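Just data.cif here, mmCIF, C-alpha atoms:
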```cif
data_run
#
loop_
_atom_site.label_atom_id
_atom_site.label_comp_id
_atom_site.auth_asym_id
_atom_site.auth_seq_id
_atom_site.Cartn_x
_atom_site.Cartn_y
_atom_site.Cartn_z
CA MET A 1 8.48 8.32 -24.76
CA PRO A 2 10.59 10.02 -22.09
CA THR A 3 9.95 8.91 -18.55
CA GLN A 4 9.26 12.46 -17.36
CA HIS A 5 6.46 12.77 -19.88
CA GLU A 6 4.97 9.50 -18.63
CA ALA A 7 5.24 10.67 -15.02
CA ASP A 8 3.42 13.89 -15.96
CA GLU A 9 0.63 11.85 -17.53
CA ILE A 10 0.28 9.73 -14.39
CA ARG A 11 0.27 12.85 -12.20
CA ARG A 12 -2.60 14.20 -14.29
CA LYS A 13 -4.47 10.94 -13.67
CA VAL A 14 -4.11 11.50 -9.92
CA ASP A 15 -5.35 15.08 -10.38
CA ARG A 16 -8.34 13.63 -12.20
CA ILE A 17 -9.16 11.44 -9.20
CA ALA A 18 -9.40 14.59 -7.08
CA GLU A 19 -11.51 16.34 -9.74
CA ALA A 20 -13.84 13.36 -10.14
CA LEU A 21 -14.30 13.05 -6.39
CA HIS A 22 -15.13 16.75 -6.05
CA ALA A 23 -17.62 16.42 -8.93
CA LYS A 24 -18.98 13.10 -7.55
CA ASP A 25 -18.30 11.80 -11.06
CA LEU A 26 -18.28 7.99 -10.93
CA ASP A 27 -17.87 7.78 -14.71
CA GLY A 28 -14.75 9.92 -14.43
CA LEU A 29 -13.36 7.53 -11.82
CA ARG A 30 -14.26 4.57 -14.04
CA GLN A 31 -11.72 5.85 -16.61
CA ILE A 32 -8.85 5.69 -14.11
CA TYR A 33 -8.97 2.06 -12.89
CA ALA A 34 -8.35 -1.21 -14.71
CA ALA A 35 -11.27 -3.64 -15.02
CA ASP A 36 -9.42 -6.12 -12.78
CA VAL A 37 -8.15 -3.61 -10.20
CA VAL A 38 -7.31 -5.10 -6.79
CA SER A 39 -7.82 -2.48 -4.12
CA PHE A 40 -6.77 -2.60 -0.46
CA ASP A 41 -9.00 0.22 0.82
CA VAL A 42 -8.98 2.07 4.16
CA GLU A 43 -12.04 0.21 5.44
CA PRO A 44 -12.86 -3.52 5.37
CA PRO A 45 -12.93 -5.95 3.62
CA LEU A 46 -9.28 -6.92 3.07
CA GLN A 47 -9.64 -6.19 -0.63
CA HIS A 48 -12.03 -5.03 -3.31
CA VAL A 49 -11.53 -6.98 -6.54
CA GLY A 50 -12.71 -5.52 -9.82
CA LEU A 51 -13.79 -2.12 -11.07
CA GLU A 52 -17.41 -2.36 -9.93
CA ALA A 53 -16.42 -3.12 -6.33
CA LYS A 54 -13.99 -0.20 -6.36
CA LEU A 55 -16.61 2.19 -7.74
CA LYS A 56 -19.16 0.99 -5.19
CA ASN A 57 -16.68 1.98 -2.50
CA TRP A 58 -16.37 5.47 -4.01
CA ALA A 59 -20.16 5.67 -4.27
CA ASN A 60 -20.28 5.06 -0.51
CA VAL A 61 -17.93 8.02 -0.05
CA PHE A 62 -20.23 10.18 -2.20
CA ALA A 63 -23.20 9.17 -0.02
CA PHE A 64 -21.27 10.11 3.13
CA PHE A 65 -20.22 13.59 2.00
CA ARG A 66 -22.46 16.39 0.75
CA ASP A 67 -19.41 18.19 -0.56
CA VAL A 68 -16.03 16.49 -0.79
CA HIS A 69 -12.49 17.73 -1.37
CA TYR A 70 -9.48 15.46 -1.94
CA GLU A 71 -5.99 16.71 -1.19
CA VAL A 72 -2.80 14.82 -2.10
CA ARG A 73 0.62 15.57 -0.60
CA ASP A 74 4.15 14.36 -1.34
CA LEU A 75 3.21 12.27 -4.39
CA THR A 76 6.37 10.49 -5.60
CA LEU A 77 6.26 8.53 -8.87
CA THR A 78 8.47 5.81 -10.32
CA VAL A 79 7.93 4.74 -13.93
CA ASP A 80 9.57 2.57 -16.57
CA GLY A 81 8.04 1.12 -19.72
CA THR A 82 4.45 0.09 -19.01
CA VAL A 83 4.67 -0.15 -15.21
CA ALA A 84 4.62 2.61 -12.61
CA PHE A 85 3.91 3.17 -8.95
CA GLY A 86 3.43 6.19 -6.75
CA HIS A 87 3.11 6.92 -3.06
CA GLY A 88 2.01 9.88 -1.01
CA PHE A 89 -0.66 11.03 1.42
CA GLY A 90 -4.31 11.79 0.81
CA ARG A 91 -7.09 13.44 2.76
CA LEU A 92 -10.83 13.59 2.12
CA SER A 93 -12.46 16.58 3.75
CA GLY A 94 -15.65 18.58 3.27
CA THR A 95 -19.22 18.75 4.49
CA LEU A 96 -21.05 15.62 5.59
CA GLU A 97 -24.65 14.87 4.61
CA SER A 98 -25.53 15.86 8.21
CA GLY A 99 -24.23 19.35 7.45
CA ALA A 100 -21.21 19.02 9.73
CA ALA A 101 -17.81 20.02 8.37
CA THR A 102 -14.96 17.52 8.67
CA SER A 103 -11.27 18.16 8.18
CA GLY A 104 -10.82 14.45 7.53
CA MET A 105 -7.81 12.28 8.31
CA TRP A 106 -4.56 11.77 6.45
CA VAL A 107 -4.15 8.34 4.88
CA ARG A 108 -1.14 6.67 3.27
CA VAL A 109 -1.72 6.09 -0.45
CA THR A 110 0.12 3.70 -2.79
CA LEU A 111 -1.02 3.66 -6.43
CA CYS A 112 0.22 1.04 -8.93
CA PHE A 113 -0.27 1.54 -12.66
CA ARG A 114 -0.07 -0.32 -15.95
CA LYS A 115 -0.11 1.33 -19.35
CA VAL A 116 -2.82 -0.41 -21.38
CA ASP A 117 -3.47 0.63 -24.99
CA GLY A 118 -1.51 3.83 -24.38
CA ASN A 119 -3.48 4.70 -21.26
CA TRP A 120 -2.21 4.59 -17.66
CA LEU A 121 -4.67 2.74 -15.41
CA ILE A 122 -4.56 1.89 -11.70
CA THR A 123 -4.40 -1.90 -11.40
CA HIS A 124 -3.71 -1.91 -7.66
CA ASP A 125 -3.85 0.50 -4.76
CA GLN A 126 -3.49 0.43 -1.02
CA VAL A 127 -4.82 3.13 1.31
CA SER A 128 -4.56 2.95 5.09
CA VAL A 129 -4.10 4.59 8.45
CA PRO A 130 -1.51 3.18 10.87
CA PHE A 131 -2.70 0.69 13.47
CA ASP A 132 -1.81 1.04 17.15
CA MET A 133 -1.24 -2.55 18.25
CA ARG A 134 -1.58 -1.85 21.99
CA SER A 135 -4.90 -0.03 21.90
CA GLY A 136 -6.29 -1.83 18.86
CA ARG A 137 -7.21 1.54 17.36
CA GLY A 138 -6.51 3.19 14.03
CA VAL A 139 -4.32 6.31 14.25
CA VAL A 140 -6.17 9.13 12.53
CA ASP A 141 -4.51 12.28 13.86
CA LEU A 142 -1.12 12.20 12.10
CA GLU A 143 -0.13 14.82 9.56
CA PRO A 144 2.50 14.39 6.85
CA MET B 145 15.69 -10.45 -19.96
CA PRO B 146 12.23 -12.01 -20.17
CA THR B 147 9.64 -10.63 -17.79
CA GLN B 148 8.91 -14.07 -16.30
CA HIS B 149 12.53 -14.44 -15.31
CA GLU B 150 12.43 -11.04 -13.63
CA ALA B 151 9.22 -11.96 -11.79
CA ASP B 152 10.87 -15.15 -10.56
CA GLU B 153 13.80 -13.12 -9.23
CA ILE B 154 11.45 -10.77 -7.38
CA ARG B 155 9.53 -13.71 -5.95
CA ARG B 156 12.79 -15.10 -4.60
CA LYS B 157 13.41 -11.73 -2.94
CA VAL B 158 10.08 -12.03 -1.15
CA ASP B 159 10.99 -15.58 -0.11
CA ARG B 160 14.23 -14.15 1.29
CA ILE B 161 12.27 -11.71 3.45
CA ALA B 162 10.51 -14.69 5.04
CA GLU B 163 13.81 -16.54 5.48
CA ALA B 164 15.55 -13.51 6.98
CA LEU B 165 12.68 -12.91 9.40
CA HIS B 166 12.73 -16.53 10.55
CA ALA B 167 16.51 -16.32 11.02
CA LYS B 168 16.23 -12.86 12.66
CA ASP B 169 18.83 -11.85 10.09
CA LEU B 170 18.87 -8.05 9.87
CA ASP B 171 21.79 -8.12 7.43
CA GLY B 172 19.77 -10.36 5.13
CA LEU B 173 16.91 -7.85 5.24
CA ARG B 174 19.37 -5.03 4.55
CA GLN B 175 20.08 -6.58 1.11
CA ILE B 176 16.41 -6.35 0.08
CA TYR B 177 15.60 -2.66 0.59
CA ALA B 178 16.90 0.46 -1.18
CA ALA B 179 18.86 2.98 0.91
CA ASP B 180 16.08 5.52 0.40
CA VAL B 181 13.13 3.17 0.96
CA VAL B 182 9.88 4.87 2.00
CA SER B 183 7.83 2.48 4.09
CA PHE B 184 4.21 2.83 5.20
CA ASP B 185 4.25 0.20 7.96
CA VAL B 186 1.38 -1.40 9.92
CA GLU B 187 2.07 0.66 13.02
CA PRO B 188 2.74 4.42 13.39
CA PRO B 189 4.32 6.71 12.32
CA LEU B 190 2.81 7.49 8.90
CA GLN B 191 6.08 6.50 7.23
CA HIS B 192 9.58 5.24 7.84
CA VAL B 193 12.07 6.94 5.52
CA GLY B 194 15.40 5.28 4.81
CA LEU B 195 16.88 1.84 5.28
CA GLU B 196 17.95 2.30 8.91
CA ALA B 197 14.43 3.31 9.99
CA LYS B 198 13.00 0.29 8.16
CA LEU B 199 15.50 -2.09 9.77
CA LYS B 200 14.84 -0.61 13.21
CA ASN B 201 11.18 -1.50 12.66
CA TRP B 202 12.14 -5.11 11.85
CA ALA B 203 14.45 -5.17 14.89
CA ASN B 204 11.39 -4.28 17.00
CA VAL B 205 9.61 -7.30 15.52
CA PHE B 206 12.57 -9.50 16.41
CA ALA B 207 12.44 -8.22 20.01
CA PHE B 208 8.71 -9.00 20.19
CA PHE B 209 8.94 -12.60 18.96
CA ARG B 210 11.11 -15.38 20.35
CA ASP B 211 10.45 -17.41 17.22
CA VAL B 212 8.84 -15.87 14.14
CA HIS B 213 7.33 -17.28 10.97
CA TYR B 214 6.23 -15.16 7.98
CA GLU B 215 3.64 -16.50 5.58
CA VAL B 216 2.71 -14.80 2.28
CA ARG B 217 -0.47 -15.57 0.31
CA ASP B 218 -1.74 -14.57 -3.13
CA LEU B 219 1.40 -12.68 -4.18
CA THR B 220 0.75 -11.12 -7.61
CA LEU B 221 3.62 -9.41 -9.45
CA THR B 222 3.72 -6.89 -12.29
CA VAL B 223 7.07 -6.07 -13.88
CA ASP B 224 8.46 -4.16 -16.84
CA GLY B 225 11.97 -2.89 -17.41
CA THR B 226 13.40 -1.67 -14.11
CA VAL B 227 10.11 -1.16 -12.23
CA ALA B 228 7.87 -3.72 -10.55
CA PHE B 229 5.18 -3.98 -7.93
CA GLY B 230 3.48 -6.81 -6.09
CA HIS B 231 0.55 -7.25 -3.76
CA GLY B 232 -0.67 -10.00 -1.50
CA PHE B 233 -1.27 -10.85 2.14
CA GLY B 234 1.23 -11.52 4.91
CA ARG B 235 1.09 -12.89 8.42
CA LEU B 236 3.67 -12.96 11.19
CA SER B 237 3.09 -15.77 13.67
CA GLY B 238 5.17 -17.64 16.21
CA THR B 239 6.10 -17.59 19.85
CA LEU B 240 6.31 -14.32 21.76
CA GLU B 241 9.13 -13.51 24.16
CA SER B 242 6.62 -14.19 26.95
CA GLY B 243 6.37 -17.79 25.71
CA ALA B 244 2.81 -17.40 24.41
CA ALA B 245 2.05 -18.62 20.91
CA THR B 246 0.32 -16.22 18.50
CA SER B 247 -1.32 -17.04 15.20
CA GLY B 248 -0.89 -13.39 14.20
CA MET B 249 -3.12 -11.30 11.97
CA TRP B 250 -3.32 -11.08 8.19
CA VAL B 251 -2.12 -7.78 6.74
CA ARG B 252 -2.36 -6.37 3.23
CA VAL B 253 1.07 -6.04 1.64
CA THR B 254 2.11 -3.90 -1.35
CA LEU B 255 5.78 -4.08 -2.41
CA CYS B 256 7.27 -1.70 -4.99
CA PHE B 257 10.65 -2.47 -6.59
CA ARG B 258 13.35 -0.86 -8.69
CA LYS B 259 16.14 -2.74 -10.39
CA VAL B 260 19.39 -1.05 -9.37
CA ASP B 261 22.71 -2.34 -10.74
CA GLY B 262 21.01 -5.57 -11.80
CA ASN B 263 19.45 -6.11 -8.38
CA TRP B 264 15.76 -5.78 -7.48
CA LEU B 265 15.29 -3.68 -4.33
CA ILE B 266 12.18 -2.57 -2.46
CA THR B 267 11.99 1.23 -2.71
CA HIS B 268 8.50 1.48 -1.24
CA ASP B 269 6.07 -0.70 0.65
CA GLN B 270 2.75 -0.36 2.38
CA VAL B 271 1.43 -2.83 4.95
CA SER B 272 -1.86 -2.40 6.81
CA VAL B 273 -4.99 -3.80 8.37
CA PRO B 274 -8.37 -2.31 7.43
CA PHE B 275 -9.78 0.41 9.68
CA ASP B 276 -13.36 0.31 10.96
CA MET B 277 -14.46 3.94 10.81
CA ARG B 278 -17.41 3.56 13.19
CA SER B 279 -15.59 1.84 16.05
CA GLY B 280 -12.21 3.46 15.40
CA ARG B 281 -10.57 0.04 15.61
CA GLY B 282 -8.25 -1.89 13.33
CA VAL B 283 -9.77 -5.05 11.85
CA VAL B 284 -7.41 -7.92 12.67
CA ASP B 285 -9.57 -11.02 12.25
CA LEU B 286 -9.96 -11.21 8.46
CA GLU B 287 -8.48 -14.05 6.44
CA PRO B 288 -7.65 -13.93 2.72
#
```
Turn this file's structure into structure tokens for me.
Amino acid sequence: MPTQHEADEIRRKVDRIAEALHAKDLDGLRQIYAADVVSFDVEPPLQHVGLEAKLKNWANVFAFFRDVHYEVRDLTLTVDGTVAFGHGFGRLSGTLESGAATSGMWVRVTLCFRKVDGNWLITHDQVSVPFDMRSGRGVVDLEP
Amino acid sequence: MPTQHEADEIRRKVDRIAEALHAKDLDGLRQIYAADVVSFDVEPPLQHVGLEAKLKNWANVFAFFRDVHYEVRDLTLTVDGTVAFGHGFGRLSGTLESGAATSGMWVRVTLCFRKVDGNWLITHDQVSVPFDMRSGRGVVDLEP
């Protein structure tokens, strides 16, 4: 299958993450990750291993936001055969459970995929903000 | 070429990063990254784009350490055709220019590769520490 077609399929998967987050649809997210996904998320711990740990992390996001919107910028994909990766920037924004609106912070996003039984799944991701070594603080005010 | 052979080649590339860091060998590092590498490094900015920006970042590390050692743990590789990715944990330790020893901090490392003219090159990486949302601080005391 041509690589461009595969890249389009993966891009639709990323769109589906945004749709599932907006709908607070954990089952929709479940379709996007491999059972043995290893996730380096924004917040501690160092890693979440396995689909249930990853979904629990998303469930925490759902509990934090009343209404959530996920924006992705500059997504660049590389694909060959059954392996692909992508990188770009993501931002969760919306209304918190407290009622306050938040414009969120931009994070760096790396998504790594395998094609399993004809279906592209995320087997690894890393999401982070930069770390300012001098102050010890995360840098949350940068825009791509 | 069998996938295992390719994975071994990539693993040797990662070993060469450690060797080049220890030797403060910028030219050695230059052989490992693509000209158009997009790097999401530990520290700001959001990204370094291009080989020269990436090498400048490593040059800053060389200026910081008198003697530097790079340890990698739990490196897991996925490869097919001309695309590969790996994830694991890394730690820079050694003696600072001030003379003080540092045991460093563990960071999450994602490395994304393309095979170009028979040679595996890093076209994207992301390296980070987790971010504690409540305190606003980076979390630097976790061990894999």
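Once Asp169 of chain B and its same-chain neighbours fewer than 6 positions away are set aside, B:Arg160, B:Ile161, B:Ala162, B:Glu163, B:Gln175, B:Ile176, B:Leu199, B:Trp202, B:Ala203, B:Val205, B:Phe206, B:Val212 remain within 12 Å of it when counting only C-alpha atoms.
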Between B:Arg210, B:Arg252, B:Arg156, B:Arg174, which one has atoms that come closest to chain A, using all atoms listed in the file?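 Answer, going by the shortest atom-to-atom distance: B:Arg252.
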Please check the contacts: residues of chain B at most 6 Å away from chain A, using only C-alpha atoms, listed as a PyMOL selection string. chain B and resi 186-188+224+227+274-276+280-282
Calculate how many Å separate atom CA of Ala63 of chain A from atom CA of Leu26 of chain A, rounding to one decimal. 12.0 Å
Given the choices B:Met249, B:Leu173, B:Ala178, B:Leu219, which gets closest to Asp261 of chain B if the distance is worked out from all atoms listed in the file? B:Ala178
Can you spell out as a list in words the set of residues that the PyMOL selection byres ((chain A and resi 98) around 12) selects in the structure I just provided?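 Checked against the file, the PyMOL selection byres ((chain A and resi 98) around 12) matches Ala63, Phe64, Phe65, Arg66, Asp67, Gly94, Thr95, Leu96, Glu97, Gly99, Ala100, Ala101 and Thr102 of chain A.
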Rounded to one decimal place, report the atom CA of Ala197 of chain B-atom CA of Glu71 of chain A distance in Å.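 Calculated distance between atom CA of Ala197 of chain B and atom CA of Glu71 of chain A is 26.9 Å.
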Take every atom of segment 167-183 of chain B listed in the file, pad by 4 Å on each side, and give me the axis-aligned box centre and edge lengths in Å, one decimal, as AutoDock Vina command-line options.
```
--center_x 14.8 --center_y -5.4 --center_z 5.7 --size_x 22.0 --size_y 29.8 --size_z 21.8
```
Straight-line distance linking atom CA of Gln4 of chain A with atom CA of Val181 of chain B, stated in Å to one decimal: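 Separation between atom CA of Gln4 of chain A and atom CA of Val181 of chain B: 20.9 Å.
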Identify which of the residues B:Leu195, B:Asp285, B:Tyr177, B:Arg235 lies closest to Trp264 of chain B, counting all atoms listed in the file when measuring atom-to-atom distances. B:Tyr177
